[in-house]
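The data block below is input-v2.cif; it holds mmCIF, C-alpha atoms.
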```cif
data_protein
loop_
_atom_site.label_atom_id
_atom_site.label_comp_id
_atom_site.auth_asym_id
_atom_site.auth_seq_id
_atom_site.Cartn_x
_atom_site.Cartn_y
_atom_site.Cartn_z
CA ASP A 1 162.01 48.32 86.26
CA ILE A 2 165.64 47.37 85.71
CA GLN A 3 165.86 44.32 83.49
CA MET A 4 168.64 41.83 84.12
CA THR A 5 169.62 39.82 81.05
CA GLN A 6 171.67 36.79 81.95
CA SER A 7 173.58 34.64 79.48
CA PRO A 8 173.88 31.92 78.58
CA SER A 9 170.67 30.33 79.82
CA SER A 10 172.48 27.02 80.08
CA LEU A 11 175.90 25.59 79.46
CA SER A 12 177.61 22.22 79.51
CA ALA A 13 181.08 22.04 80.96
CA SER A 14 183.54 19.54 82.32
CA VAL A 15 185.19 19.36 85.71
CA GLY A 16 188.19 21.65 85.64
CA ASP A 17 186.78 24.00 83.00
CA ARG A 18 186.72 27.76 83.40
CA VAL A 19 183.14 29.01 83.25
CA THR A 20 181.91 32.57 82.75
CA ILE A 21 178.34 33.78 83.16
CA THR A 22 177.28 37.29 82.21
CA CYS A 23 174.55 39.60 83.46
CA ARG A 24 173.63 42.81 81.70
CA ALA A 25 171.51 45.48 83.37
CA SER A 26 169.13 47.66 81.35
CA GLN A 27 170.55 50.71 83.12
CA GLY A 28 173.53 51.44 85.30
CA ILE A 29 173.43 49.85 88.75
CA GLY A 30 176.90 50.68 90.03
CA LYS A 31 178.15 47.66 91.94
CA ASP A 32 174.78 46.72 93.43
CA LEU A 33 174.73 43.18 92.11
CA GLY A 34 174.92 39.77 93.68
CA TRP A 35 175.38 36.25 92.38
CA TYR A 36 173.50 33.26 93.77
CA GLN A 37 173.85 29.53 93.36
CA GLN A 38 170.82 27.29 93.63
CA LYS A 39 170.70 23.53 93.74
CA PRO A 40 167.47 21.55 93.24
CA GLY A 41 165.12 21.75 96.19
CA LYS A 42 167.36 24.21 98.05
CA ALA A 43 167.23 27.90 98.82
CA PRO A 44 169.59 30.13 96.82
CA LYS A 45 173.03 30.63 98.31
CA ARG A 46 174.78 33.97 97.91
CA LEU A 47 178.24 33.66 96.40
CA ILE A 48 179.16 37.25 95.58
CA TYR A 49 177.83 40.63 96.69
CA ALA A 50 178.63 44.18 95.66
CA ALA A 51 179.60 42.75 92.27
CA SER A 52 182.98 41.39 93.34
CA THR A 53 183.05 40.67 97.09
CA LEU A 54 183.25 36.97 97.88
CA GLN A 55 180.83 35.80 100.54
CA ASN A 56 182.55 34.33 103.60
CA GLY A 57 183.01 30.60 103.21
CA VAL A 58 182.65 30.55 99.43
CA PRO A 59 185.57 28.93 97.59
CA SER A 60 188.01 31.30 95.94
CA ARG A 61 187.45 29.68 92.53
CA PHE A 62 184.35 31.88 92.37
CA SER A 63 184.89 35.50 91.42
CA GLY A 64 182.77 38.40 90.25
CA SER A 65 183.54 41.52 88.30
CA GLY A 66 181.83 44.41 86.61
CA TYR A 67 180.32 47.81 87.16
CA GLY A 68 177.42 49.73 85.73
CA THR A 69 175.67 47.48 83.24
CA GLU A 70 178.00 44.52 82.59
CA PHE A 71 178.82 41.89 85.18
CA THR A 72 180.45 38.47 85.13
CA LEU A 73 180.64 35.50 87.43
CA THR A 74 183.65 33.29 86.82
CA ILE A 75 184.32 29.82 88.13
CA SER A 76 188.02 29.29 87.55
CA SER A 77 188.02 25.50 87.75
CA LEU A 78 184.60 23.85 87.80
CA GLN A 79 184.11 21.27 90.53
CA PRO A 80 181.45 18.53 90.73
CA GLU A 81 179.59 20.43 93.46
CA ASP A 82 179.32 23.52 91.25
CA PHE A 83 176.75 21.98 88.90
CA ALA A 84 173.73 24.12 89.72
CA THR A 85 171.72 27.10 88.50
CA TYR A 86 173.17 30.58 88.96
CA TYR A 87 171.27 33.85 89.24
CA CYS A 88 172.26 37.48 89.36
CA LEU A 89 170.25 39.97 91.40
CA GLN A 90 170.32 43.78 91.26
CA VAL A 91 169.60 45.64 94.48
CA TYR A 92 170.24 49.12 93.08
CA ASP A 93 166.61 50.08 92.80
CA TYR A 94 163.15 48.70 93.48
CA PRO A 95 161.83 46.40 92.31
CA TRP A 96 164.87 44.24 92.87
CA THR A 97 165.21 41.98 89.85
CA PHE A 98 166.83 38.62 89.18
CA GLY A 99 168.32 37.39 85.97
CA GLN A 100 166.63 34.43 84.31
CA GLY A 101 169.27 32.00 85.51
CA THR A 102 172.08 29.94 84.01
CA LYS A 103 171.99 26.20 84.42
CA VAL A 104 175.45 24.67 84.53
CA GLU A 105 175.34 21.04 83.51
CA ILE A 106 177.88 18.27 83.25
CA LYS A 107 179.31 17.67 79.79
CA GLN B 1 172.86 32.65 114.55
CA ILE B 2 170.24 33.96 112.15
CA THR B 3 167.48 31.62 111.05
CA LEU B 4 164.23 32.15 109.16
CA ARG B 5 161.36 29.75 108.56
CA GLU B 6 158.32 30.13 106.35
CA SER B 7 154.98 28.70 107.37
CA GLY B 8 151.47 28.69 106.03
CA PRO B 9 149.06 26.71 103.88
CA THR B 10 150.49 24.51 101.16
CA LEU B 11 147.34 24.01 99.12
CA LEU B 12 144.82 26.69 98.22
CA LYS B 13 142.00 27.17 95.75
CA PRO B 14 141.83 29.97 93.19
CA THR B 15 140.54 33.31 94.50
CA GLN B 16 141.54 32.50 98.07
CA THR B 17 143.95 34.63 100.08
CA LEU B 18 147.42 33.30 100.83
CA THR B 19 148.92 34.22 104.19
CA LEU B 20 152.53 33.25 104.81
CA THR B 21 154.45 33.85 108.01
CA CYS B 22 158.20 34.23 108.26
CA THR B 23 159.38 33.50 111.80
CA PHE B 24 162.94 34.50 112.45
CA SER B 25 165.56 34.49 115.18
CA GLY B 26 169.02 35.93 115.67
CA PHE B 27 168.12 39.49 114.69
CA SER B 28 165.56 42.15 115.49
CA LEU B 29 163.35 43.99 113.05
CA SER B 30 163.62 47.04 115.25
CA THR B 31 167.33 47.43 114.46
CA SER B 32 168.29 50.12 111.99
CA GLY B 33 169.12 48.77 108.53
CA VAL B 34 167.39 45.43 109.00
CA GLY B 35 164.62 44.09 106.79
CA VAL B 36 162.92 40.91 105.64
CA GLY B 37 162.20 40.19 102.02
CA TRP B 38 160.02 37.72 100.14
CA ILE B 39 160.95 35.89 96.97
CA ARG B 40 159.11 33.19 95.05
CA GLN B 41 159.95 30.62 92.42
CA PRO B 42 157.44 28.81 90.22
CA PRO B 43 158.38 25.18 89.57
CA GLY B 44 161.27 25.03 87.11
CA LYS B 45 161.38 28.81 86.69
CA ALA B 46 163.44 31.75 87.84
CA LEU B 47 163.42 33.56 91.15
CA GLU B 48 161.08 36.54 91.50
CA TRP B 49 161.40 39.28 94.12
CA LEU B 50 158.07 40.09 95.75
CA ALA B 51 158.35 42.50 98.64
CA VAL B 52 160.41 43.84 101.51
CA ILE B 53 159.68 45.42 104.88
CA TYR B 54 162.24 47.36 106.91
CA TRP B 55 162.81 48.13 110.57
CA ASN B 56 161.18 51.56 110.11
CA ASP B 57 158.07 49.99 108.48
CA ASP B 58 159.14 51.11 105.01
CA LYS B 59 157.62 48.66 102.54
CA ARG B 60 158.31 48.02 98.87
CA TYR B 61 156.42 45.75 96.51
CA SER B 62 156.80 44.24 93.08
CA PRO B 63 154.80 46.59 90.82
CA SER B 64 153.21 43.68 88.98
CA LEU B 65 151.82 42.27 92.24
CA GLN B 66 151.46 45.38 94.36
CA SER B 67 147.68 45.45 94.24
CA ARG B 68 147.53 41.93 95.68
CA LEU B 69 150.37 41.98 98.23
CA THR B 70 150.59 43.23 101.78
CA VAL B 71 153.56 42.76 104.08
CA THR B 72 153.45 43.46 107.81
CA LYS B 73 155.71 42.88 110.77
CA ASP B 74 155.26 41.95 114.40
CA THR B 75 158.50 42.91 116.06
CA SER B 76 157.52 41.43 119.42
CA LYS B 77 156.90 38.03 117.83
CA ASN B 78 159.85 38.19 115.40
CA GLN B 79 157.49 37.57 112.52
CA VAL B 80 156.77 39.02 109.11
CA VAL B 81 153.53 38.19 107.33
CA LEU B 82 152.99 38.24 103.56
CA THR B 83 149.43 38.30 102.31
CA MET B 84 148.50 37.70 98.68
CA THR B 85 144.88 38.10 97.65
CA ASN B 86 142.93 36.54 94.79
CA ILE B 87 145.39 33.72 94.33
CA ASP B 88 145.65 31.91 90.98
CA PRO B 89 147.32 28.69 89.76
CA VAL B 90 150.16 30.81 88.32
CA ASP B 91 151.01 31.74 91.92
CA THR B 92 152.04 28.14 92.54
CA GLY B 93 155.65 27.93 93.64
CA THR B 94 158.14 27.98 96.47
CA TYR B 95 158.05 31.11 98.61
CA TYR B 96 161.16 32.19 100.51
CA CYS B 97 161.77 34.84 103.12
CA ALA B 98 165.25 36.26 103.61
CA HIS B 99 167.14 38.54 105.95
CA ILE B 100 168.09 41.95 104.61
CA LEU B 101 170.85 44.14 105.95
CA TYR B 102 171.65 47.63 104.69
CA GLY B 103 169.75 47.28 101.47
CA ASP B 104 170.81 43.83 100.34
CA PHE B 105 169.97 40.24 101.11
CA SER B 106 172.25 38.64 103.63
CA PRO B 107 173.20 34.98 103.17
CA ARG B 108 170.36 34.01 105.51
CA TRP B 109 167.30 32.66 103.76
CA GLY B 110 164.49 30.43 104.90
CA GLN B 111 164.22 26.93 103.48
CA GLY B 112 161.14 27.89 101.49
CA ILE B 113 157.56 26.68 101.46
CA LEU B 114 155.88 25.13 98.42
CA VAL B 115 152.45 26.59 97.83
CA SER B 116 150.13 24.95 95.30
CA VAL B 117 147.03 26.60 93.89
CA SER B 118 144.49 24.32 92.27
CA SER B 119 140.77 23.98 92.03
#
```

Serialized structure, C-alpha coordinates:
Amino acid sequence: DIQMTQSPSSLSASVGDRVTITCRASQGIGKDLGWYQQKPGKAPKRLIYAASTLQNGVPSRFSGSGYGTEFTLTISSLQPEDFATYYCLQVYDYPWTFGQGTKVEIK
Amino acid sequence: QITLRESGPTLLKPTQTLTLTCTFSGFSLSTSGVGVGWIRQPPGKALEWLAVIYWNDDKRYSPSLQSRLTVTKDTSKNQVVLTMTNIDPVDTGTYYCAHILYGDFSPRWGQGILVSVSS
(Lines of atoms letter the chains of each structure in order from A and count residues from 1; the text may use other names and numbers.)
(Lines give C-alpha, C1' and ligand atoms only; values in the text may rest on other atoms or scores of the structure.)
Protein backbone atom coordinates (compact mmCIF):
# COMPACT_ATOMS: atom_id res chain seq x y z
CA ASP A 1 0.00 0.00 0.00
CA ILE A 2 1.07 3.58 -0.62
CA GLN A 3 1.25 5.47 2.65
CA MET A 4 0.30 9.13 2.67
CA THR A 5 1.94 11.12 5.46
CA GLN A 6 0.26 14.45 5.99
CA SER A 7 1.65 17.28 8.08
CA PRO A 8 1.00 19.02 10.29
CA SER A 9 -1.84 17.14 11.95
CA SER A 10 -3.24 20.44 13.15
CA LEU A 11 -2.44 24.11 12.99
CA SER A 12 -3.74 27.35 14.40
CA ALA A 13 -3.88 30.34 12.11
CA SER A 14 -5.50 33.72 11.82
CA VAL A 15 -7.73 35.11 9.12
CA GLY A 16 -5.50 36.41 6.36
CA ASP A 17 -2.62 34.03 7.09
CA ARG A 18 -0.94 31.95 4.41
CA VAL A 19 -1.29 28.26 5.25
CA THR A 20 0.62 25.33 3.77
CA ILE A 21 -0.19 21.65 4.28
CA THR A 22 2.10 18.90 3.05
CA CYS A 23 1.50 15.33 1.96
CA ARG A 24 4.30 12.87 1.36
CA ALA A 25 3.75 9.60 -0.49
CA SER A 26 5.74 6.48 0.38
CA GLN A 27 6.44 5.99 -3.33
CA GLY A 28 6.07 8.05 -6.46
CA ILE A 29 2.49 8.73 -7.52
CA GLY A 30 3.02 11.18 -10.37
CA LYS A 31 0.31 13.80 -10.13
CA ASP A 32 -2.43 11.43 -8.98
CA LEU A 33 -3.31 13.32 -5.82
CA GLY A 34 -6.30 15.28 -4.66
CA TRP A 35 -7.02 17.59 -1.76
CA TYR A 36 -10.30 17.58 0.14
CA GLN A 37 -11.87 19.89 2.67
CA GLN A 38 -14.24 18.53 5.29
CA LYS A 39 -16.37 20.45 7.72
CA PRO A 40 -18.07 18.81 10.73
CA GLY A 41 -21.01 16.64 9.78
CA LYS A 42 -20.45 17.15 6.06
CA ALA A 43 -19.11 15.04 3.22
CA PRO A 44 -15.61 15.89 1.99
CA LYS A 45 -15.41 18.47 -0.76
CA ARG A 46 -12.76 18.16 -3.45
CA LEU A 47 -10.65 21.29 -3.82
CA ILE A 48 -7.80 20.15 -6.05
CA TYR A 49 -7.28 17.19 -8.35
CA ALA A 50 -4.32 15.98 -10.39
CA ALA A 51 -2.12 17.66 -7.76
CA SER A 52 -2.62 21.20 -9.02
CA THR A 53 -5.92 21.55 -10.90
CA LEU A 54 -8.45 23.69 -9.08
CA GLN A 55 -11.93 22.21 -8.91
CA ASN A 56 -14.57 24.36 -10.60
CA GLY A 57 -16.11 26.77 -8.13
CA VAL A 58 -13.29 26.59 -5.59
CA PRO A 59 -11.80 29.98 -4.67
CA SER A 60 -8.46 30.80 -6.24
CA ARG A 61 -6.84 31.29 -2.83
CA PHE A 62 -6.51 27.50 -2.81
CA SER A 63 -3.65 26.04 -4.82
CA GLY A 64 -1.86 22.72 -5.06
CA SER A 65 1.58 21.74 -6.21
CA GLY A 66 3.91 18.80 -6.30
CA TYR A 67 4.82 15.68 -8.20
CA GLY A 68 6.05 12.24 -7.30
CA THR A 69 6.23 12.04 -3.53
CA GLU A 70 5.90 15.61 -2.21
CA PHE A 71 2.73 17.65 -2.46
CA THR A 72 1.45 20.86 -0.91
CA LEU A 73 -1.88 22.56 -0.49
CA THR A 74 -1.63 26.30 0.02
CA ILE A 75 -4.30 28.70 1.17
CA SER A 76 -2.97 32.11 0.27
CA SER A 77 -5.15 34.15 2.62
CA LEU A 78 -7.15 32.15 5.14
CA GLN A 79 -10.83 33.06 5.34
CA PRO A 80 -13.29 32.28 8.16
CA GLU A 81 -15.00 29.62 6.04
CA ASP A 82 -11.70 27.78 5.52
CA PHE A 83 -11.50 26.51 9.09
CA ALA A 84 -11.95 22.79 8.52
CA THR A 85 -10.04 19.53 8.21
CA TYR A 86 -8.08 18.87 5.02
CA TYR A 87 -7.15 15.50 3.54
CA CYS A 88 -4.99 14.38 0.68
CA LEU A 89 -5.89 11.29 -1.34
CA GLN A 90 -3.72 9.31 -3.77
CA VAL A 91 -5.47 7.61 -6.66
CA TYR A 92 -2.31 6.32 -8.34
CA ASP A 93 -2.73 2.75 -7.22
CA TYR A 94 -5.09 0.56 -5.23
CA PRO A 95 -5.82 0.72 -2.43
CA TRP A 96 -6.46 4.43 -2.69
CA THR A 97 -5.19 6.01 0.51
CA PHE A 98 -5.95 9.20 2.40
CA GLY A 99 -3.63 11.20 4.55
CA GLN A 100 -4.45 11.41 8.25
CA GLY A 101 -5.85 14.92 7.94
CA THR A 102 -4.88 18.43 8.99
CA LYS A 103 -7.24 20.35 11.21
CA VAL A 104 -7.05 24.09 10.62
CA GLU A 105 -8.23 25.97 13.68
CA ILE A 106 -8.70 29.61 14.54
CA LYS A 107 -5.86 31.23 16.46
CA GLN B 1 -27.12 16.81 -12.09
CA ILE B 2 -25.36 13.96 -10.31
CA THR B 3 -26.62 12.93 -6.90
CA LEU B 4 -25.89 9.96 -4.66
CA ARG B 5 -27.61 8.83 -1.47
CA GLU B 6 -26.63 6.13 0.98
CA SER B 7 -29.27 4.06 2.73
CA GLY B 8 -29.33 1.14 5.10
CA PRO B 9 -29.46 0.24 8.77
CA THR B 10 -28.06 2.70 11.27
CA LEU B 11 -27.73 0.36 14.24
CA LEU B 12 -26.38 -3.17 14.15
CA LYS B 13 -25.09 -5.75 16.60
CA PRO B 14 -21.64 -7.33 16.44
CA THR B 15 -21.28 -10.25 14.01
CA GLN B 16 -24.19 -9.06 11.88
CA THR B 17 -23.87 -8.23 8.19
CA LEU B 18 -24.07 -4.61 7.09
CA THR B 19 -25.74 -3.93 3.75
CA LEU B 20 -25.60 -0.38 2.42
CA THR B 21 -27.17 0.83 -0.80
CA CYS B 22 -25.98 3.78 -2.83
CA THR B 23 -28.76 5.06 -5.06
CA PHE B 24 -27.62 7.52 -7.67
CA SER B 25 -28.93 9.66 -10.50
CA GLY B 26 -27.44 11.78 -13.25
CA PHE B 27 -25.06 9.14 -14.57
CA SER B 28 -25.07 5.52 -15.68
CA LEU B 29 -22.88 2.74 -14.41
CA SER B 30 -22.88 1.27 -17.88
CA THR B 31 -20.88 4.21 -19.25
CA SER B 32 -17.20 3.63 -19.89
CA GLY B 33 -14.95 5.15 -17.22
CA VAL B 34 -17.65 5.48 -14.59
CA GLY B 35 -17.52 3.92 -11.13
CA VAL B 36 -18.86 4.23 -7.61
CA GLY B 37 -16.63 4.11 -4.58
CA TRP B 38 -17.17 3.65 -0.85
CA ILE B 39 -15.37 5.50 1.91
CA ARG B 40 -15.90 5.45 5.66
CA GLN B 41 -14.94 7.61 8.60
CA PRO B 42 -14.99 6.53 12.24
CA PRO B 43 -16.12 9.29 14.60
CA GLY B 44 -13.36 11.87 14.97
CA LYS B 45 -10.98 9.95 12.72
CA ALA B 46 -9.65 10.07 9.19
CA LEU B 47 -11.28 8.99 5.97
CA GLU B 48 -10.70 5.41 4.82
CA TRP B 49 -11.19 4.14 1.27
CA LEU B 50 -13.09 0.85 1.18
CA ALA B 51 -13.97 -0.29 -2.31
CA VAL B 52 -14.84 0.65 -5.86
CA ILE B 53 -16.87 -0.90 -8.66
CA TYR B 54 -16.62 0.15 -12.30
CA TRP B 55 -18.88 0.12 -15.33
CA ASN B 56 -17.21 -3.08 -16.56
CA ASP B 57 -17.76 -4.81 -13.18
CA ASP B 58 -14.10 -4.42 -12.22
CA LYS B 59 -13.96 -4.32 -8.42
CA ARG B 60 -11.21 -3.29 -6.03
CA TYR B 61 -11.18 -3.60 -2.26
CA SER B 62 -9.18 -2.38 0.69
CA PRO B 63 -6.79 -5.27 1.44
CA SER B 64 -7.40 -4.99 5.17
CA LEU B 65 -11.15 -5.50 4.66
CA GLN B 66 -11.26 -7.53 1.48
CA SER B 67 -12.32 -10.75 3.15
CA ARG B 68 -15.39 -9.02 4.61
CA LEU B 69 -16.45 -6.72 1.76
CA THR B 70 -18.50 -7.30 -1.35
CA VAL B 71 -19.61 -4.61 -3.78
CA THR B 72 -22.19 -5.18 -6.50
CA LYS B 73 -24.10 -3.04 -8.94
CA ASP B 74 -27.59 -3.02 -10.39
CA THR B 75 -27.35 -0.84 -13.46
CA SER B 76 -31.08 -0.97 -14.15
CA LYS B 77 -31.85 0.38 -10.68
CA ASN B 78 -28.93 2.85 -10.57
CA GLN B 79 -27.75 1.26 -7.34
CA VAL B 80 -24.54 -0.03 -5.85
CA VAL B 81 -24.60 -2.27 -2.80
CA LEU B 82 -21.80 -2.65 -0.25
CA THR B 83 -21.92 -5.65 2.04
CA MET B 84 -19.69 -6.01 5.08
CA THR B 85 -19.81 -9.25 7.04
CA ASN B 86 -19.02 -9.98 10.69
CA ILE B 87 -19.40 -6.38 11.74
CA ASP B 88 -17.66 -5.10 14.89
CA PRO B 89 -17.90 -1.92 17.01
CA VAL B 90 -14.74 -0.63 15.29
CA ASP B 91 -16.79 -0.51 12.07
CA THR B 92 -18.87 2.28 13.58
CA GLY B 93 -18.70 5.40 11.47
CA THR B 94 -20.11 7.40 8.60
CA TYR B 95 -20.14 5.58 5.27
CA TYR B 96 -20.06 7.57 2.03
CA CYS B 97 -20.49 6.59 -1.59
CA ALA B 98 -19.02 8.75 -4.33
CA HIS B 99 -19.03 9.05 -8.10
CA ILE B 100 -15.86 8.05 -9.90
CA LEU B 101 -14.86 9.17 -13.36
CA TYR B 102 -11.75 8.00 -15.20
CA GLY B 103 -10.02 6.67 -12.14
CA ASP B 104 -10.64 9.45 -9.65
CA PHE B 105 -13.44 10.65 -7.42
CA SER B 106 -15.54 13.37 -8.95
CA PRO B 107 -16.84 16.15 -6.69
CA ARG B 108 -20.09 14.22 -6.27
CA TRP B 109 -20.41 12.41 -2.98
CA GLY B 110 -23.39 11.21 -1.00
CA GLN B 111 -24.23 12.90 2.28
CA GLY B 112 -23.14 9.84 4.23
CA ILE B 113 -24.90 7.48 6.60
CA LEU B 114 -23.88 6.98 10.22
CA VAL B 115 -23.71 3.32 11.13
CA SER B 116 -23.35 2.31 14.78
CA VAL B 117 -22.35 -1.15 15.93
CA SER B 118 -23.10 -2.02 19.53
CA SER B 119 -24.27 -4.97 21.52

Tell me as a VMD selection string which residues belonging to chain B come within 8 Å of chain A, counting all atoms listed in the file. chain B and resid 46 to 49 60 to 63 96 103 to 104 106 to 107 109 to 112

Name the residues that the PyMOL selection byres ((chain B and resi 89) around 9) pulls out of this structure, and write them as a PDB file with C-alpha atoms, in the frame of the given file.
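File out.pdb, as written:
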```pdb
ATOM      1  CA  LYS B  13     142.000  27.170  95.750  1.00  0.00           C
ATOM      2  CA  PRO B  14     141.830  29.970  93.190  1.00  0.00           C
ATOM      3  CA  ILE B  87     145.390  33.720  94.330  1.00  0.00           C
ATOM      4  CA  ASP B  88     145.650  31.910  90.980  1.00  0.00           C
ATOM      5  CA  VAL B  90     150.160  30.810  88.320  1.00  0.00           C
ATOM      6  CA  ASP B  91     151.010  31.740  91.920  1.00  0.00           C
ATOM      7  CA  THR B  92     152.040  28.140  92.540  1.00  0.00           C
ATOM      8  CA  SER B 116     150.130  24.950  95.300  1.00  0.00           C
ATOM      9  CA  VAL B 117     147.030  26.600  93.890  1.00  0.00           C
ATOM     10  CA  SER B 118     144.490  24.320  92.270  1.00  0.00           C
ATOM     11  CA  SER B 119     140.770  23.980  92.030  1.00  0.00           C
TER      12      SER B 119
END
```

Around the point (184.8, 31.9, 80.5) (coordinates from the file), which residues reach within 10 Å if we count only C-alpha atoms? Answer as a VMD selection string. chain A and resid 17 to 22 72 to 76

Separation of CA of Thr75 (chain B) from CA of Ser28 (chain B) in Å: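 Result for CA of Ser28 (chain B) versus CA of Thr75 (chain B): 7.1 Å, one decimal.
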
Could you check which of B:Leu11, B:Ile100, B:Asp57, B:Arg108 is closest to Lys73 (chain B), using only C-alpha atoms?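 Using only C-alpha atoms, Lys73 (chain B) sits closest to B:Asp57.
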
Residue neighbourhood Gly37 (chain B), 7 Å, all atoms listed in the file, exclusion window fewer than 3 positions, as an mmCIF file with C-alpha atoms, keeping the file's coordinate frame:
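The resulting file, out33.cif, is shown below:
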```
data_model
loop_
_atom_site.group_PDB
_atom_site.id
_atom_site.type_symbol
_atom_site.label_atom_id
_atom_site.label_comp_id
_atom_site.auth_asym_id
_atom_site.auth_seq_id
_atom_site.Cartn_x
_atom_site.Cartn_y
_atom_site.Cartn_z
ATOM 1 C CA ALA B 51 158.350 42.500 98.640
ATOM 2 C CA VAL B 52 160.410 43.840 101.510
ATOM 3 C CA ILE B 53 159.680 45.420 104.880
ATOM 4 C CA CYS B 97 161.770 34.840 103.120
ATOM 5 C CA ALA B 98 165.250 36.260 103.610
ATOM 6 C CA HIS B 99 167.140 38.540 105.950
ATOM 7 C CA ILE B 100 168.090 41.950 104.610
#
```

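As for CA of Leu69 (chain B) and CA of Gly93 (chain B), they are spaced 15.7 Å apart.
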
Determine, counting all atoms listed in the file, which protein, DNA and RNA residues have an atom within 8 Å of an atom of Gly28 (chain A); residues of the same chain fewer than 3 positions away are not included. Present the result as a count of residues only. 4

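Between CA of Gly26 (chain B) and CA of Glu6 (chain B) the separation is 15.3 Å.
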
Given only C-alpha atoms as the counted atoms, nearest of B:Asn78, B:Leu114, B:Thr70, B:Trp55 to Gly33 (chain B): B:Trp55

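Evaluating the PyMOL selection byres ((chain A and resi 26) around 6) against the shown model yields Ile2, Gln3, Ala25 and Gln27 of chain A.
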
Distance criterion (only C-alpha atoms): nearest to Trp38 (chain B) out of B:Ile2, B:Leu18, B:Val115, B:Val71: B:Val71

Could you write region 74-86 of chain A as a PDB file, in the coordinates of the input, with N, CA, C and O atoms rebuilt where they are missing?
```
ATOM      1  N   THR A  74     182.698  34.245  87.361  1.00  0.00           N
ATOM      2  CA  THR A  74     183.650  33.290  86.820  1.00  0.00           C
ATOM      3  C   THR A  74     183.914  32.191  87.833  1.00  0.00           C
ATOM      4  O   THR A  74     184.105  32.466  89.016  1.00  0.00           O
ATOM      5  N   ILE A  75     183.882  30.965  87.345  1.00  0.00           N
ATOM      6  CA  ILE A  75     184.320  29.820  88.130  1.00  0.00           C
ATOM      7  C   ILE A  75     185.615  29.362  87.478  1.00  0.00           C
ATOM      8  O   ILE A  75     185.609  28.929  86.318  1.00  0.00           O
ATOM      9  N   SER A  76     186.709  29.473  88.190  1.00  0.00           N
ATOM     10  CA  SER A  76     188.020  29.290  87.550  1.00  0.00           C
ATOM     11  C   SER A  76     188.290  27.826  87.203  1.00  0.00           C
ATOM     12  O   SER A  76     188.938  27.537  86.193  1.00  0.00           O
ATOM     13  N   SER A  77     187.814  26.914  88.009  1.00  0.00           N
ATOM     14  CA  SER A  77     188.020  25.500  87.750  1.00  0.00           C
ATOM     15  C   SER A  77     186.796  24.755  88.299  1.00  0.00           C
ATOM     16  O   SER A  77     186.689  24.524  89.508  1.00  0.00           O
ATOM     17  N   LEU A  78     185.902  24.408  87.412  1.00  0.00           N
ATOM     18  CA  LEU A  78     184.600  23.850  87.800  1.00  0.00           C
ATOM     19  C   LEU A  78     184.776  22.551  88.582  1.00  0.00           C
ATOM     20  O   LEU A  78     185.533  21.659  88.167  1.00  0.00           O
ATOM     21  N   GLN A  79     184.091  22.470  89.695  1.00  0.00           N
ATOM     22  CA  GLN A  79     184.110  21.270  90.530  1.00  0.00           C
ATOM     23  C   GLN A  79     182.762  20.560  90.484  1.00  0.00           C
ATOM     24  O   GLN A  79     181.744  21.177  90.156  1.00  0.00           O
ATOM     25  N   PRO A  80     182.727  19.276  90.830  1.00  0.00           N
ATOM     26  CA  PRO A  80     181.450  18.530  90.730  1.00  0.00           C
ATOM     27  C   PRO A  80     180.316  19.188  91.506  1.00  0.00           C
ATOM     28  O   PRO A  80     179.169  19.161  91.064  1.00  0.00           O
ATOM     29  N   GLU A  81     180.634  19.810  92.638  1.00  0.00           N
ATOM     30  CA  GLU A  81     179.590  20.430  93.460  1.00  0.00           C
ATOM     31  C   GLU A  81     179.087  21.760  92.905  1.00  0.00           C
ATOM     32  O   GLU A  81     178.157  22.351  93.460  1.00  0.00           O
ATOM     33  N   ASP A  82     179.713  22.226  91.831  1.00  0.00           N
ATOM     34  CA  ASP A  82     179.320  23.520  91.250  1.00  0.00           C
ATOM     35  C   ASP A  82     178.202  23.383  90.208  1.00  0.00           C
ATOM     36  O   ASP A  82     177.711  24.405  89.704  1.00  0.00           O
ATOM     37  N   PHE A  83     177.833  22.161  89.874  1.00  0.00           N
ATOM     38  CA  PHE A  83     176.750  21.980  88.900  1.00  0.00           C
ATOM     39  C   PHE A  83     175.446  22.379  89.578  1.00  0.00           C
ATOM     40  O   PHE A  83     175.004  21.756  90.543  1.00  0.00           O
ATOM     41  N   ALA A  84     174.856  23.464  89.059  1.00  0.00           N
ATOM     42  CA  ALA A  84     173.730  24.120  89.720  1.00  0.00           C
ATOM     43  C   ALA A  84     173.200  25.199  88.770  1.00  0.00           C
ATOM     44  O   ALA A  84     173.686  25.338  87.641  1.00  0.00           O
ATOM     45  N   THR A  85     172.213  25.944  89.248  1.00  0.00           N
ATOM     46  CA  THR A  85     171.720  27.100  88.500  1.00  0.00           C
ATOM     47  C   THR A  85     172.182  28.358  89.212  1.00  0.00           C
ATOM     48  O   THR A  85     172.128  28.438  90.443  1.00  0.00           O
ATOM     49  N   TYR A  86     172.621  29.333  88.424  1.00  0.00           N
ATOM     50  CA  TYR A  86     173.170  30.580  88.960  1.00  0.00           C
ATOM     51  C   TYR A  86     172.295  31.754  88.546  1.00  0.00           C
ATOM     52  O   TYR A  86     171.835  31.822  87.397  1.00  0.00           O
TER      53      TYR A  86
END
```
